[in-house]
Amino acid sequence: MKETVVSGIRPTGKLHLGNYFGAYKNFLRLQEETNAYFFIADYHSLTTHPTPGDLKSSVRRVLAEYIALGLDPEKCTVYIQSDVPETAELYLFLNMNAYLGELERVTSFKEKARTQPNNINAGLLTYPVLMAADILLHRGVKVPVGKDQEQHLEMSRTFANRFNRLYNVEYFPEPTAFNFGTELVKVPGLTGGGKMSKSAGEADSIYLDEEASVLKKKIMRAVSDSGNEPGAPKSQPVQNLFDLMNLVCAPEVIASFEADHKAGSIRYGDLKKQLAEDMETFIAPLRDRIQATLGDSKRLDEIAAYGAEKARLSAQKTLREVREIIGFSR
Ligand code: AMP
């Protein structure tokens, strides 16, 4: 039997390079080799309080991007999370068994609590529980995600094991974070910080449908530093630029800039120009495909309905069994 794989991306605008290399890139091979569920995490995005209009258009956009970049609704199950309300029921059950202390210790929660003190809502606190529900809903074992999700996956394992122990069953398998390369990926942004993130502002992210002129401008304005002594280590923003080059530039091009950096003679303007050119070569076909798919509303509606039906079959089975294990069945 094929392994079950589950992964989602929040519809908070458009997909960026981090979503692509951290998660989506794996989806394409996984849909060929596994029993894969790829969803659009619209429940998750409610923690940021989007307007109904923005939520609708973001969901539509991510669905179009999923399809444009190669997901095939016949080979995998593509669905919108809120079309499968069983997710919310499993979330409720898992919440009864998730503890305040462990949720408060999650790094991403602490970070959000620090950066947005006026909106520390319970959805943010229980984000790892909802994520566990997403995965356990299909009894998934592999979860293609970026490095930023490693700790959440550990919590998913904790919740799965705790449920099994509490009810003395071997029902949920242990899900693990997964990437076809060996390591989980962290794609840095352009503003010198850690990972590429929509919440770091427009200048930080490279979107998969970025217009050529905007792409060039963003990269030329990326944060670097004021140069280095020969042999000195790279600063974080400069390491970020090299990490981005690693995604799209040829090895010999990178090696030449590495040598310049080591010699203390690197010109960041040249590096960025090269990066912008190679990034445009990478992005151009994605941009064309996304734009062509966005307009096809009827097809996107059909895909969403078809995916919801398939996902609910799996979800309803799990919930039937979970209710029985808990003792709700008569
Ligand atoms: P999110 O946009 O937070 O819903 O993330 C959706 C998926 O993209 C998850 O699997 C994340 O791990 C992945 N992801 C988001 N940002 C990055 C990044 N900068 N580097 C690597 N993976 C990322």
# chains A, B, ... in the order shown; residues from 1 in each chain; ligands from 1

$ residues_around --residues "His16 in chain A" --least-positions-apart "6" --cutoff "7 Å" --atoms "only C-alpha atoms" --output "ChimeraX atom specification"
/A:205-208

$ residues_near_ligand --ligand "ligand 1" --cutoff "9 Å" --atoms "only C-alpha atoms and all ligand atoms" --output "MDAnalysis selection string"
chainID A and resid 7:12 14:24 40:41 44:45 143:150 184:189 194:198 205

$ write_last_selection --atoms "N, CA and C atoms" --output "compact mmCIF listing (two decimals), in the first residue's frame"
# COMPACT_ATOMS: atom_id res chain seq x y z
N SER A 7 0.16 17.68 3.28
CA SER A 7 0.83 18.96 3.47
C SER A 7 -0.08 20.10 3.04
N GLY A 8 0.08 21.24 3.68
CA GLY A 8 -0.76 22.40 3.33
C GLY A 8 0.05 23.67 3.30
N ILE A 9 -0.52 24.68 2.64
CA ILE A 9 0.09 26.00 2.61
C ILE A 9 -1.01 27.01 2.92
N ARG A 10 -0.69 27.98 3.78
CA ARG A 10 -1.72 28.96 4.14
C ARG A 10 -1.96 29.94 3.00
N PRO A 11 -3.22 30.29 2.76
CA PRO A 11 -3.49 31.27 1.71
C PRO A 11 -3.38 32.68 2.26
N THR A 12 -2.16 33.13 2.50
CA THR A 12 -1.99 34.49 3.00
C THR A 12 -1.35 35.32 1.90
N LYS A 14 0.18 35.23 -1.92
CA LYS A 14 0.61 34.34 -3.01
C LYS A 14 1.71 33.42 -2.52
N LEU A 15 1.98 32.37 -3.27
CA LEU A 15 3.08 31.48 -2.89
C LEU A 15 4.41 32.16 -3.19
N HIS A 16 5.37 31.96 -2.30
CA HIS A 16 6.70 32.53 -2.54
C HIS A 16 7.73 31.42 -2.66
N LEU A 17 8.94 31.85 -2.90
CA LEU A 17 10.03 30.91 -3.14
C LEU A 17 10.25 29.94 -1.97
N GLY A 18 9.99 30.42 -0.74
CA GLY A 18 10.13 29.55 0.44
C GLY A 18 9.10 28.43 0.41
N ASN A 19 7.86 28.78 0.07
CA ASN A 19 6.81 27.75 -0.05
C ASN A 19 7.21 26.73 -1.12
N TYR A 20 7.77 27.24 -2.20
CA TYR A 20 8.11 26.36 -3.33
C TYR A 20 9.22 25.37 -2.95
N PHE A 21 10.35 25.92 -2.50
CA PHE A 21 11.49 25.03 -2.23
C PHE A 21 11.34 24.27 -0.91
N GLY A 22 10.59 24.86 0.05
CA GLY A 22 10.40 24.19 1.33
C GLY A 22 9.39 23.06 1.24
N ALA A 23 8.33 23.26 0.46
CA ALA A 23 7.25 22.28 0.46
C ALA A 23 6.85 21.84 -0.95
N TYR A 24 6.40 22.80 -1.76
CA TYR A 24 5.72 22.45 -3.01
C TYR A 24 6.56 21.59 -3.95
N ILE A 40 -5.23 23.60 1.07
CA ILE A 40 -5.01 25.04 1.25
C ILE A 40 -5.52 25.37 2.64
N ALA A 41 -4.61 25.83 3.49
CA ALA A 41 -4.89 25.89 4.92
C ALA A 41 -5.63 27.17 5.30
N HIS A 44 -6.27 27.88 9.10
CA HIS A 44 -5.05 28.40 9.74
C HIS A 44 -4.91 29.91 9.51
N SER A 45 -5.30 30.36 8.31
CA SER A 45 -5.04 31.77 7.99
C SER A 45 -5.96 32.72 8.76
N VAL A 143 5.25 14.31 5.90
CA VAL A 143 4.75 15.67 5.74
C VAL A 143 5.84 16.54 5.11
N PRO A 144 5.71 16.83 3.81
CA PRO A 144 6.72 17.68 3.18
C PRO A 144 6.58 19.13 3.63
N VAL A 145 7.55 19.60 4.38
CA VAL A 145 7.51 20.97 4.94
C VAL A 145 8.91 21.54 4.98
N GLY A 146 8.99 22.85 5.19
CA GLY A 146 10.27 23.52 5.38
C GLY A 146 10.75 23.35 6.81
N LYS A 147 11.97 23.82 7.04
CA LYS A 147 12.60 23.66 8.35
C LYS A 147 11.80 24.34 9.47
N ASP A 148 11.09 25.42 9.09
CA ASP A 148 10.33 26.16 10.09
C ASP A 148 9.23 25.31 10.74
N GLN A 149 8.90 24.18 10.13
CA GLN A 149 7.80 23.37 10.67
C GLN A 149 8.27 22.17 11.48
N GLU A 150 9.57 22.06 11.67
CA GLU A 150 10.12 20.88 12.34
C GLU A 150 9.52 20.68 13.73
N LEU A 184 15.74 19.35 5.80
CA LEU A 184 14.62 20.26 5.56
C LEU A 184 15.22 21.60 5.12
N VAL A 185 14.45 22.34 4.33
CA VAL A 185 14.98 23.54 3.69
C VAL A 185 14.52 24.80 4.42
N LYS A 186 15.41 25.78 4.51
CA LYS A 186 14.98 27.11 4.95
C LYS A 186 15.42 28.13 3.89
N VAL A 187 14.47 28.72 3.21
CA VAL A 187 14.81 29.72 2.18
C VAL A 187 14.81 31.09 2.85
N PRO A 188 15.91 31.82 2.76
CA PRO A 188 15.94 33.14 3.41
C PRO A 188 15.23 34.20 2.57
N GLY A 189 14.89 35.29 3.20
CA GLY A 189 14.26 36.40 2.49
C GLY A 189 15.30 37.41 2.02
N GLY A 194 15.80 35.94 8.94
CA GLY A 194 15.88 34.49 8.85
C GLY A 194 15.20 33.96 7.60
N LYS A 195 14.01 33.39 7.78
CA LYS A 195 13.36 32.77 6.61
C LYS A 195 12.52 33.76 5.81
N MET A 196 12.39 33.46 4.52
CA MET A 196 11.49 34.26 3.69
C MET A 196 10.08 34.12 4.24
N SER A 197 9.43 35.26 4.47
CA SER A 197 8.13 35.19 5.11
C SER A 197 7.27 36.37 4.67
N LYS A 198 5.98 36.06 4.40
CA LYS A 198 5.08 37.13 3.97
C LYS A 198 4.94 38.19 5.06
N SER A 205 9.89 38.92 0.22
CA SER A 205 9.51 37.70 -0.51
C SER A 205 9.70 37.83 -2.01

$ closest_atom_pairs --of "range 17-130 of chain A" --to "range 291-295 of chain A" --cutoff "8 Å" --atoms "only C-alpha atoms" --output "Markdown table"
| residue | atom | partner | partner_atom | distance |
| --- | --- | --- | --- | --- |
| A:Arg60 | CA | A:Leu294 | CA | 7.9 |
| A:Arg61 | CA | A:Leu294 | CA | 6.7 |
| A:Ala64 | CA | A:Leu294 | CA | 5.4 |
| A:Glu65 | CA | A:Thr293 | CA | 7.6 |
| A:Ile67 | CA | A:Thr293 | CA | 7.6 |
| A:Ala68 | CA | A:Thr293 | CA | 5.9 |

$ write_last_selection --atoms "N, CA, C and O atoms" --output "PDB file, in the first residue's frame"
ATOM      1  N   ARG A  60      -8.394  31.226  -3.761  1.00  0.00           N
ATOM      2  CA  ARG A  60      -8.500  31.001  -5.197  1.00  0.00           C
ATOM      3  C   ARG A  60      -7.115  31.056  -5.857  1.00  0.00           C
ATOM      4  O   ARG A  60      -6.753  30.261  -6.699  1.00  0.00           O
ATOM      5  N   ARG A  61      -6.336  32.013  -5.398  1.00  0.00           N
ATOM      6  CA  ARG A  61      -5.007  32.223  -5.954  1.00  0.00           C
ATOM      7  C   ARG A  61      -4.101  31.005  -5.675  1.00  0.00           C
ATOM      8  O   ARG A  61      -3.436  30.494  -6.562  1.00  0.00           O
ATOM      9  N   ALA A  64      -5.095  28.084  -7.762  1.00  0.00           N
ATOM     10  CA  ALA A  64      -4.605  28.256  -9.145  1.00  0.00           C
ATOM     11  C   ALA A  64      -3.106  27.950  -9.217  1.00  0.00           C
ATOM     12  O   ALA A  64      -2.628  27.294 -10.153  1.00  0.00           O
ATOM     13  N   GLU A  65      -2.369  28.405  -8.203  1.00  0.00           N
ATOM     14  CA  GLU A  65      -0.920  28.182  -8.205  1.00  0.00           C
ATOM     15  C   GLU A  65      -0.604  26.691  -8.045  1.00  0.00           C
ATOM     16  O   GLU A  65       0.283  26.154  -8.715  1.00  0.00           O
ATOM     17  N   ILE A  67      -2.315  24.229  -9.064  1.00  0.00           N
ATOM     18  CA  ILE A  67      -2.606  23.533 -10.327  1.00  0.00           C
ATOM     19  C   ILE A  67      -1.621  23.980 -11.416  1.00  0.00           C
ATOM     20  O   ILE A  67      -1.061  23.155 -12.143  1.00  0.00           O
ATOM     21  N   ALA A  68      -1.386  25.285 -11.474  1.00  0.00           N
ATOM     22  CA  ALA A  68      -0.499  25.817 -12.525  1.00  0.00           C
ATOM     23  C   ALA A  68       0.893  25.187 -12.446  1.00  0.00           C
ATOM     24  O   ALA A  68       1.527  24.922 -13.458  1.00  0.00           O
TER      25      ALA A  68
END

$ closest_atom_pairs --of "range 159-218 of chain A" --to "range 122-136 of chain A" --cutoff "12 Å" --atoms "only C-alpha atoms" --output "tab-separated table"
residue	atom	partner	partner_atom	distance
A:Phe159	CA	A:Ala132	CA	7.2
A:Ala160	CA	A:Leu136	CA	7.4
A:Asn161	CA	A:Leu136	CA	11.0
A:Arg162	CA	A:Ala132	CA	12.0
A:Phe163	CA	A:Leu136	CA	10.8
A:Asn164	CA	A:Leu136	CA	11.8
A:Tyr171	CA	A:Leu136	CA	9.7
A:Phe172	CA	A:Leu136	CA	6.6
A:Pro173	CA	A:Leu136	CA	8.0
A:Glu174	CA	A:Leu136	CA	8.9
A:Pro175	CA	A:Ile135	CA	7.5
A:Thr176	CA	A:Ile135	CA	10.1
A:Ala177	CA	A:Ile135	CA	11.0

$ closest_residue --among "A:Gly70, A:Pro230, A:Gly269, A:Gly327" --to "Asn26 in chain A" --atoms "only C-alpha atoms"
A:Gly70

$ closest_residue --among "A:Ser58, A:Val6, A:Pro117, A:Thr77" --to "Ala308 in chain A" --atoms "only C-alpha atoms"
A:Thr77

$ closest_residue --among "A:Val84, A:Leu71, A:Leu63, A:Leu46" --to "Asp296 in chain A" --atoms "only C-alpha atoms"
A:Leu63

$ select_by_dssp --residues "range 128-259 of chain A" --states "helix (DSSP H, G or I)" --output "ChimeraX atom specification"
/A:128-136,147-167,198-200,212-220,236-248,251-259

$ closest_atom_pairs --of "range 46-141 of chain A" --to "range 30-36 of chain A" --cutoff "12 Å" --atoms "only C-alpha atoms" --output "tab-separated table"
residue	atom	partner	partner_atom	distance
A:Gly70	CA	A:Gln31	CA	9.7
A:Leu71	CA	A:Gln31	CA	7.4
A:Asp72	CA	A:Gln31	CA	7.7
A:Pro73	CA	A:Gln31	CA	9.2
A:Glu74	CA	A:Gln31	CA	9.2
A:Lys75	CA	A:Gln31	CA	5.6
A:Cys76	CA	A:Ala36	CA	5.1
A:Thr77	CA	A:Ala36	CA	6.2
A:Val78	CA	A:Ala36	CA	8.6
A:Tyr79	CA	A:Ala36	CA	11.0
A:Ile135	CA	A:Ala36	CA	10.9
A:His138	CA	A:Ala36	CA	9.4
A:Arg139	CA	A:Asn35	CA	10.9
A:Gly140	CA	A:Ala36	CA	8.7
A:Val141	CA	A:Ala36	CA	10.4

$ residues_around --residues "range 242-249 of chain A" --least-positions-apart "5" --cutoff "9 Å" --atoms "only C-alpha atoms" --output "JSON, numbers by chain"
{"A": [21, 187, 188, 189, 190, 237, 254, 257, 258, 271, 274, 275, 278, 279, 281, 282]}

$ write_last_selection --atoms "C-alpha atoms" --output "PDB file, in the first residue's frame"
ATOM      1  CA  PHE A  21      11.485  25.027  -2.230  1.00  0.00           C
ATOM      2  CA  VAL A 187      14.808  29.724   2.182  1.00  0.00           C
ATOM      3  CA  PRO A 188      15.941  33.139   3.408  1.00  0.00           C
ATOM      4  CA  GLY A 189      14.258  36.402   2.487  1.00  0.00           C
ATOM      5  CA  LEU A 190      15.734  39.528   0.904  1.00  0.00           C
ATOM      6  CA  PRO A 237      22.399  38.978   4.881  1.00  0.00           C
ATOM      7  CA  ILE A 254      28.420  30.495  -7.266  1.00  0.00           C
ATOM      8  CA  PHE A 257      31.419  34.682  -6.246  1.00  0.00           C
ATOM      9  CA  GLU A 258      32.525  32.521  -3.306  1.00  0.00           C
ATOM     10  CA  LEU A 271      26.202  39.281  -7.418  1.00  0.00           C
ATOM     11  CA  GLN A 274      23.517  37.669 -11.612  1.00  0.00           C
ATOM     12  CA  LEU A 275      21.023  36.455  -9.026  1.00  0.00           C
ATOM     13  CA  ASP A 278      18.994  33.592 -12.951  1.00  0.00           C
ATOM     14  CA  MET A 279      15.941  34.109 -10.765  1.00  0.00           C
ATOM     15  CA  THR A 281      14.962  32.546 -15.811  1.00  0.00           C
ATOM     16  CA  PHE A 282      13.543  30.357 -13.028  1.00  0.00           C
TER      17      PHE A 282
END

$ closest_residue --among "A:Gly307, A:Pro285, A:Leu215, A:Gln239" --to "Gly193 in chain A" --atoms "only C-alpha atoms"
A:Gln239

$ select_by_dssp --residues "range 5-93 of chain A" --states "strand (DSSP E)" --output "list in words"
Val5, Val6, Ser7, Gly8, Ile9, Asn35, Ala36, Tyr37, Phe38, Phe39, Ile40, Thr77, Val78, Tyr79 and Ile80 of chain A

$ write_last_selection --atoms "N, CA and C atoms" --output "mmCIF file, in the first residue's frame"
data_model
loop_
_atom_site.group_PDB
_atom_site.id
_atom_site.type_symbol
_atom_site.label_atom_id
_atom_site.label_comp_id
_atom_site.auth_asym_id
_atom_site.auth_seq_id
_atom_site.Cartn_x
_atom_site.Cartn_y
_atom_site.Cartn_z
ATOM 1 N N VAL A 5 0.634 10.882 2.519
ATOM 2 C CA VAL A 5 1.390 12.120 2.694
ATOM 3 C C VAL A 5 0.389 13.267 2.791
ATOM 4 N N VAL A 6 0.637 14.194 3.710
ATOM 5 C CA VAL A 6 -0.261 15.342 3.846
ATOM 6 C C VAL A 6 0.562 16.619 3.973
ATOM 7 N N SER A 7 0.157 17.679 3.282
ATOM 8 C CA SER A 7 0.828 18.956 3.472
ATOM 9 C C SER A 7 -0.081 20.103 3.040
ATOM 10 N N GLY A 8 0.078 21.242 3.675
ATOM 11 C CA GLY A 8 -0.757 22.397 3.330
ATOM 12 C C GLY A 8 0.047 23.675 3.299
ATOM 13 N N ILE A 9 -0.519 24.676 2.638
ATOM 14 C CA ILE A 9 0.095 26.003 2.613
ATOM 15 C C ILE A 9 -1.007 27.008 2.921
ATOM 16 N N ASN A 35 0.094 8.253 -1.704
ATOM 17 C CA ASN A 35 -1.306 8.633 -1.555
ATOM 18 C C ASN A 35 -1.294 10.027 -0.909
ATOM 19 N N ALA A 36 -1.315 11.065 -1.753
ATOM 20 C CA ALA A 36 -1.006 12.409 -1.243
ATOM 21 C C ALA A 36 -2.232 13.310 -1.131
ATOM 22 N N TYR A 37 -2.286 14.056 -0.020
ATOM 23 C CA TYR A 37 -3.324 15.062 0.214
ATOM 24 C C TYR A 37 -2.639 16.419 0.337
ATOM 25 N N PHE A 38 -2.952 17.338 -0.575
ATOM 26 C CA PHE A 38 -2.379 18.679 -0.516
ATOM 27 C C PHE A 38 -3.526 19.675 -0.371
ATOM 28 N N PHE A 39 -3.486 20.425 0.724
ATOM 29 C CA PHE A 39 -4.634 21.295 0.972
ATOM 30 C C PHE A 39 -4.213 22.756 1.111
ATOM 31 N N ILE A 40 -5.227 23.604 1.066
ATOM 32 C CA ILE A 40 -5.011 25.043 1.247
ATOM 33 C C ILE A 40 -5.525 25.370 2.638
ATOM 34 N N THR A 77 -4.947 14.320 -3.947
ATOM 35 C CA THR A 77 -6.174 14.986 -3.514
ATOM 36 C C THR A 77 -5.840 16.433 -3.170
ATOM 37 N N VAL A 78 -6.360 17.347 -3.969
ATOM 38 C CA VAL A 78 -6.138 18.779 -3.742
ATOM 39 C C VAL A 78 -7.418 19.340 -3.150
ATOM 40 N N TYR A 79 -7.345 19.907 -1.939
ATOM 41 C CA TYR A 79 -8.599 20.407 -1.364
ATOM 42 C C TYR A 79 -8.394 21.643 -0.496
ATOM 43 N N ILE A 80 -9.511 22.279 -0.226
ATOM 44 C CA ILE A 80 -9.498 23.466 0.630
ATOM 45 C C ILE A 80 -9.901 23.005 2.030
#

$ closest_residue --among "A:Val223, A:Leu241, A:Leu166, A:Val106" --to "His152 in chain A" --atoms "only C-alpha atoms"
A:Val106

$ closest_residue --among "A:Asn228, A:Asp209, A:Ser235, A:Glu321" --to "Ile283 in chain A" --atoms "only C-alpha atoms"
A:Asp209

$ atom_distance --atom1 "CA of Gly13 in chain A" --atom2 "CA of Lys218 in chain A"
17.5 Å

$ residues_around --residues "Gln116 in chain A" --least-positions-apart "6" --cutoff "12 Å" --atoms "only C-alpha atoms" --output "list in words"
Thr47, Thr48, Ser108, Phe109, Lys110, Leu124 and Ser199 of chain A

$ decode --residues "range 293-314 of chain A" --atoms "C-alpha atoms" --output "CSV table (one decimal), in the first residue's frame"
chain,number,residue,atom,x,y,z
A,293,THR,CA,-4.6,29.3,-14.8
A,294,LEU,CA,-5.9,32.2,-12.6
A,295,GLY,CA,-8.7,33.1,-15.1
A,296,ASP,CA,-10.1,29.7,-15.4
A,297,SER,CA,-12.7,30.0,-12.6
A,298,LYS,CA,-15.0,27.2,-13.7
A,299,ARG,CA,-12.2,24.6,-13.8
A,300,LEU,CA,-10.9,25.8,-10.4
A,301,ASP,CA,-14.4,25.4,-8.9
A,302,GLU,CA,-14.6,21.9,-10.3
A,303,ILE,CA,-11.2,21.0,-8.9
A,304,ALA,CA,-12.1,22.3,-5.4
A,305,ALA,CA,-15.4,20.3,-5.4
A,306,TYR,CA,-13.7,17.1,-6.6
A,307,GLY,CA,-10.9,17.4,-4.0
A,308,ALA,CA,-13.4,18.1,-1.2
A,309,GLU,CA,-15.3,15.0,-2.0
A,310,LYS,CA,-12.2,12.8,-2.0
A,311,ALA,CA,-10.7,14.4,1.1
A,312,ARG,CA,-14.0,14.0,3.0
A,313,LEU,CA,-14.2,10.3,2.3
A,314,SER,CA,-10.9,9.8,4.0
